[in-house]
$ cat input24.cif   # mmCIF, C-alpha atoms
data_input
#
loop_
_atom_site.label_atom_id
_atom_site.label_comp_id
_atom_site.auth_asym_id
_atom_site.auth_seq_id
_atom_site.Cartn_x
_atom_site.Cartn_y
_atom_site.Cartn_z
CA MET A 1101 0.00 0.00 0.00
CA ASP A 1102 1.38 3.38 -1.01
CA VAL A 1103 -0.43 6.50 0.25
CA LEU A 1104 2.31 8.93 -0.75
CA PRO A 1105 0.68 9.65 -4.17
CA GLU A 1106 -2.50 10.86 -2.42
CA ILE A 1107 -0.43 12.93 0.01
CA VAL A 1108 1.44 14.53 -2.90
CA GLN A 1109 -1.81 15.20 -4.83
CA ARG A 1110 -3.78 16.64 -1.90
CA TYR A 1111 -4.09 20.43 -1.95
CA SER A 1112 -6.38 23.15 -0.65
CA CYS A 1113 -9.05 23.37 -3.34
CA ARG A 1114 -10.83 26.70 -3.59
CA ALA A 1115 -13.06 26.11 -6.63
CA TYR A 1116 -15.48 23.23 -7.15
CA GLN A 1117 -17.43 21.88 -10.10
CA ASP A 1118 -21.21 21.97 -10.01
CA LYS A 1119 -21.34 18.19 -9.81
CA PRO A 1120 -22.75 16.15 -6.92
CA VAL A 1121 -20.58 13.72 -4.99
CA GLU A 1122 -21.82 10.17 -5.41
CA GLN A 1123 -23.13 8.54 -2.22
CA ASP A 1124 -20.80 5.54 -2.50
CA LYS A 1125 -17.78 7.87 -2.62
CA LEU A 1126 -19.09 9.86 0.31
CA ASP A 1127 -19.65 6.61 2.22
CA ARG A 1128 -16.02 5.53 1.65
CA ILE A 1129 -14.76 8.96 2.67
CA LEU A 1130 -16.74 8.89 5.92
CA GLU A 1131 -15.63 5.31 6.54
CA ALA A 1132 -12.02 6.49 6.32
CA ALA A 1133 -12.80 8.97 9.11
CA ARG A 1134 -14.63 6.36 11.18
CA LEU A 1135 -11.55 4.13 11.10
CA ALA A 1136 -9.17 6.86 12.31
CA PRO A 1137 -7.39 6.39 15.65
CA SER A 1138 -8.38 8.45 18.67
CA ALA A 1139 -7.25 9.01 22.23
CA ARG A 1140 -8.41 6.15 24.47
CA ASN A 1141 -10.45 5.04 21.43
CA MET A 1142 -13.09 7.62 22.40
CA GLN A 1143 -13.98 8.32 18.75
CA GLU A 1144 -15.38 11.67 19.82
CA TRP A 1145 -15.61 13.09 16.30
CA ARG A 1146 -18.99 13.95 14.88
CA PHE A 1147 -19.55 15.12 11.30
CA VAL A 1148 -22.42 17.21 9.99
CA VAL A 1149 -22.47 16.49 6.25
CA VAL A 1150 -24.14 19.46 4.56
CA ARG A 1151 -25.44 18.76 1.05
CA ASP A 1152 -28.43 21.12 0.93
CA ALA A 1153 -27.50 23.97 -1.46
CA ALA A 1154 -29.38 26.68 0.45
CA LEU A 1155 -27.76 25.67 3.72
CA ARG A 1156 -24.29 25.59 2.13
CA LYS A 1157 -24.86 29.16 0.90
CA LYS A 1158 -25.81 30.20 4.44
CA LEU A 1159 -22.48 28.82 5.66
CA VAL A 1160 -20.54 31.28 3.46
CA PRO A 1161 -20.88 34.32 5.79
CA ALA A 1162 -20.11 32.07 8.76
CA CYS A 1163 -16.91 31.05 6.93
CA SER A 1164 -15.53 34.58 6.46
CA ASN A 1165 -17.36 34.97 3.13
CA GLN A 1166 -15.22 32.37 1.39
CA GLN A 1167 -17.50 31.77 -1.59
CA PHE A 1168 -16.10 28.35 -2.47
CA VAL A 1169 -17.61 26.99 0.75
CA GLY A 1170 -21.05 27.49 -0.77
CA GLN A 1171 -19.85 26.29 -4.17
CA ALA A 1172 -18.71 22.86 -2.95
CA PRO A 1173 -21.45 20.22 -3.28
CA VAL A 1174 -20.62 18.91 0.21
CA VAL A 1175 -19.41 20.72 3.30
CA ILE A 1176 -18.31 18.59 6.23
CA VAL A 1177 -18.49 20.34 9.58
CA ALA A 1178 -16.27 18.43 11.98
CA CYS A 1179 -17.15 18.56 15.65
CA GLY A 1180 -15.79 17.07 18.83
CA ASP A 1181 -17.82 15.54 21.61
CA MET A 1182 -16.12 15.32 25.02
CA ALA A 1183 -14.16 18.44 24.07
CA ASP A 1184 -13.01 18.88 27.67
CA HIS A 1185 -10.98 15.66 27.77
CA VAL A 1186 -7.29 16.40 28.30
CA MET A 1187 -4.73 13.72 27.55
CA ARG A 1188 -1.91 13.02 29.99
CA CYS A 1189 0.41 15.08 27.75
CA GLY A 1190 -1.71 18.15 28.50
CA GLN A 1191 -3.39 18.45 25.10
CA HIS A 1192 -7.13 18.38 24.50
CA SER A 1193 -7.91 15.20 22.59
CA ALA A 1194 -10.88 16.34 20.48
CA PRO A 1195 -9.07 18.78 18.15
CA ILE A 1196 -6.25 16.30 17.59
CA ASP A 1197 -8.53 13.32 17.03
CA VAL A 1198 -10.81 15.29 14.71
CA ALA A 1199 -7.76 16.49 12.74
CA ILE A 1200 -6.58 12.90 12.28
CA ALA A 1201 -10.03 11.86 11.04
CA LEU A 1202 -10.23 14.85 8.71
CA GLU A 1203 -6.89 14.06 7.13
CA HIS A 1204 -8.17 10.52 6.55
CA ILE A 1205 -11.14 12.18 4.80
CA ALA A 1206 -8.86 14.44 2.74
CA LEU A 1207 -6.66 11.57 1.57
CA GLN A 1208 -9.60 9.28 0.74
CA ALA A 1209 -11.17 12.19 -1.15
CA VAL A 1210 -8.06 12.40 -3.34
CA ARG A 1211 -8.30 8.65 -3.95
CA GLU A 1212 -11.92 9.20 -5.07
CA GLY A 1213 -10.96 11.99 -7.49
CA LEU A 1214 -12.25 14.70 -5.17
CA ALA A 1215 -10.68 17.63 -3.36
CA THR A 1216 -11.02 19.39 -0.01
CA CYS A 1217 -9.89 22.52 1.79
CA TRP A 1218 -9.36 22.88 5.53
CA ILE A 1219 -11.21 26.01 6.67
CA GLY A 1220 -10.04 27.54 9.92
CA SER A 1221 -11.46 31.00 9.27
CA PHE A 1222 -15.03 30.58 10.44
CA PHE A 1223 -17.27 31.73 13.26
CA ALA A 1224 -18.09 28.64 15.30
CA ASP A 1225 -21.12 30.23 16.96
CA GLN A 1226 -22.68 31.01 13.56
CA VAL A 1227 -21.96 27.52 12.22
CA ARG A 1228 -23.37 26.03 15.43
CA GLN A 1229 -26.58 28.04 15.11
CA LEU A 1230 -27.09 27.27 11.39
CA LEU A 1231 -26.67 23.53 11.88
CA GLY A 1232 -28.30 23.12 15.30
CA ILE A 1233 -25.10 21.90 16.96
CA PRO A 1234 -25.48 21.72 20.76
CA GLU A 1235 -23.41 24.04 22.96
CA HIS A 1236 -21.45 21.19 24.58
CA ILE A 1237 -20.10 20.07 21.18
CA ALA A 1238 -16.98 21.83 19.87
CA VAL A 1239 -17.13 23.01 16.26
CA ILE A 1240 -13.55 22.28 15.23
CA GLU A 1241 -13.24 22.50 11.45
CA VAL A 1242 -15.14 23.11 8.21
CA LEU A 1243 -14.14 21.08 5.15
CA PRO A 1244 -15.64 21.72 1.68
CA LEU A 1245 -15.57 18.61 -0.52
CA GLY A 1246 -16.19 18.08 -4.21
CA TYR A 1247 -14.82 17.73 -7.70
CA PRO A 1248 -12.11 20.35 -8.20
CA ALA A 1249 -12.56 23.17 -10.70
CA ASP A 1250 -9.04 24.47 -10.07
CA GLN A 1251 -5.62 22.88 -10.04
CA ALA A 1252 -2.96 22.56 -7.41
CA GLY A 1253 -0.14 25.02 -7.59
CA PRO A 1254 3.40 24.26 -6.53
CA LYS A 1255 3.72 23.30 -2.88
CA LYS A 1256 6.04 25.51 -0.88
CA ARG A 1257 7.52 23.46 1.91
CA VAL A 1258 10.53 23.96 4.13
CA SER A 1259 13.40 21.50 3.87
CA MET A 1260 13.49 18.24 5.79
CA GLY A 1261 16.39 19.57 7.87
CA GLU A 1262 14.17 22.39 9.11
CA ILE A 1263 11.49 20.07 10.48
CA ALA A 1264 13.22 16.89 11.63
CA CYS A 1265 16.19 16.03 13.79
CA TYR A 1266 17.18 12.74 15.36
CA ASP A 1267 17.59 11.68 18.98
CA ARG A 1268 17.87 15.18 20.48
CA TRP A 1269 16.60 18.67 19.69
CA ASN A 1270 19.26 20.32 17.56
CA PHE A 1271 17.62 22.98 15.45
#

$ encode --input "input24.cif" --output "structure tokens"
Amino acid sequence: MDVLPEIVQRYSCRAYQDKPVEQDKLDRILEAARLAPSARNMQEWRFVVVRDAALRKKLVPACSNQQFVGQAPVVIVACGDMADHVMRCGQHSAPIDVAIALEHIALQAVREGLATCWIGSFFADQVRQLLGIPEHIAVIEVLPLGYPADQAGPKKRVSMGEIACYDRWNF
């Protein structure tokens, strides 16, 4: 199994075709998220899959007026239940676990010929209200999903030596 091609192909898509995502593809994408690891196997992620066109358009202002959010045929709003759980290392588990599941989604989407874009610029309270998400659930991420209408540009990444060292911190 080689996942590196999907990792290389994945990019932040900001234009989507007006073409629905087939249910079987969406099912495989969500299955990839369901199978993701989580702290203490809590599986605290919850996904609101928004396909209704009018509702997607209403999400645009809540997502800092990024028009492609409403253009995508699917918008996945990723939430975390048990958002107060702190792992022994001191980190809250929900944002980390949801991020792992979302990257599973992003990579499976590439495999399916689809594209995604992680949206961090959104107003959680507005998204919560639009989708009826309870107060005790953390709204962690918004992820448009669909057939790309743009193309990936060159990836600008720092060198390996700037991100990895061995055995001891020596940056």

$ resolve_selection --input "input24.cif" --expression "the PyMOL selection byres ((chain A and resi 1144) around 9)" --output "number ranges by chain"
A: 1138-1139, 1141-1143, 1145-1146, 1179-1183, 1193-1194, 1197-1198

$ residues_around --input "input24.cif" --residues "Gln1251 (chain A)" --least-positions-apart "2" --cutoff "10 Å" --atoms "all atoms listed in the file" --output "VMD selection string"
chain A and resid 1111 to 1115 1215 1248 to 1249 1253 to 1254

$ residues_around --input "input24.cif" --residues "region 1152-1154 of chain A" --least-positions-apart "4" --cutoff "8 Å" --atoms "only C-alpha atoms" --output "PyMOL selection string"
chain A and resi 1158+1170+1173

$ write_last_selection --input "input24.cif" --atoms "C-alpha atoms" --output "compact mmCIF listing (two decimals), keeping the file's coordinate frame"
# COMPACT_ATOMS: atom_id res chain seq x y z
CA LYS A 1158 -25.81 30.20 4.44
CA GLY A 1170 -21.05 27.49 -0.77
CA PRO A 1173 -21.45 20.22 -3.28

$ resolve_selection --input "input24.cif" --expression "the PyMOL selection byres ((chain A and resi 1162) around 8)" --output "ChimeraX atom specification"
/A:1158-1161,1163-1165,1222-1224,1226-1227

$ closest_residue --input "input24.cif" --among "A:Cys1265, A:Ala1132, A:Val1258, A:Val1169" --to "Gln1117 (chain A)" --atoms "only C-alpha atoms"
A:Val1169

$ closest_residue --input "input24.cif" --among "A:Leu1245, A:Val1210, A:Val1186, A:Leu1135" --to "Leu1104 (chain A)" --atoms "only C-alpha atoms"
A:Val1210

$ closest_residue --input "input24.cif" --among "A:Thr1216, A:Gln1191, A:Gln1123, A:Gln1166" --to "Arg1110 (chain A)" --atoms "all atoms listed in the file"
A:Thr1216

$ closest_residue --input "input24.cif" --among "A:His1236, A:Arg1228, A:Arg1134, A:Arg1151" --to "Asp1184 (chain A)" --atoms "all atoms listed in the file"
A:His1236

$ resolve_selection --input "input24.cif" --expression "the PyMOL selection byres ((chain A and resi 1149) around 10)" --output "list in words"
Leu1126, Leu1130, Arg1146, Phe1147, Val1148, Val1150, Arg1151, Asp1152, Val1174, Val1175, Ile1176, Val1177, Ala1178, Leu1231, Leu1243, Pro1244 and Leu1245 of chain A

$ atom_distance --input "input24.cif" --atom1 "CA of Tyr1247 (chain A)" --atom2 "CA of Leu1214 (chain A)"
4.7 Å

$ atom_distance --input "input24.cif" --atom1 "CA of Pro1137 (chain A)" --atom2 "CA of Gly1232 (chain A)"
26.8 Å

$ atom_distance --input "input24.cif" --atom1 "CA of Glu1131 (chain A)" --atom2 "CA of Ile1107 (chain A)"
18.2 Å

$ closest_residue --input "input24.cif" --among "A:Gly1213, A:Asn1270, A:Ile1196, A:Ala1264" --to "Glu1241 (chain A)" --atoms "only C-alpha atoms"
A:Ile1196

$ closest_residue --input "input24.cif" --among "A:Gln1167, A:Pro1195, A:Tyr1116, A:Leu1207" --to "Asp1102 (chain A)" --atoms "only C-alpha atoms"
A:Leu1207
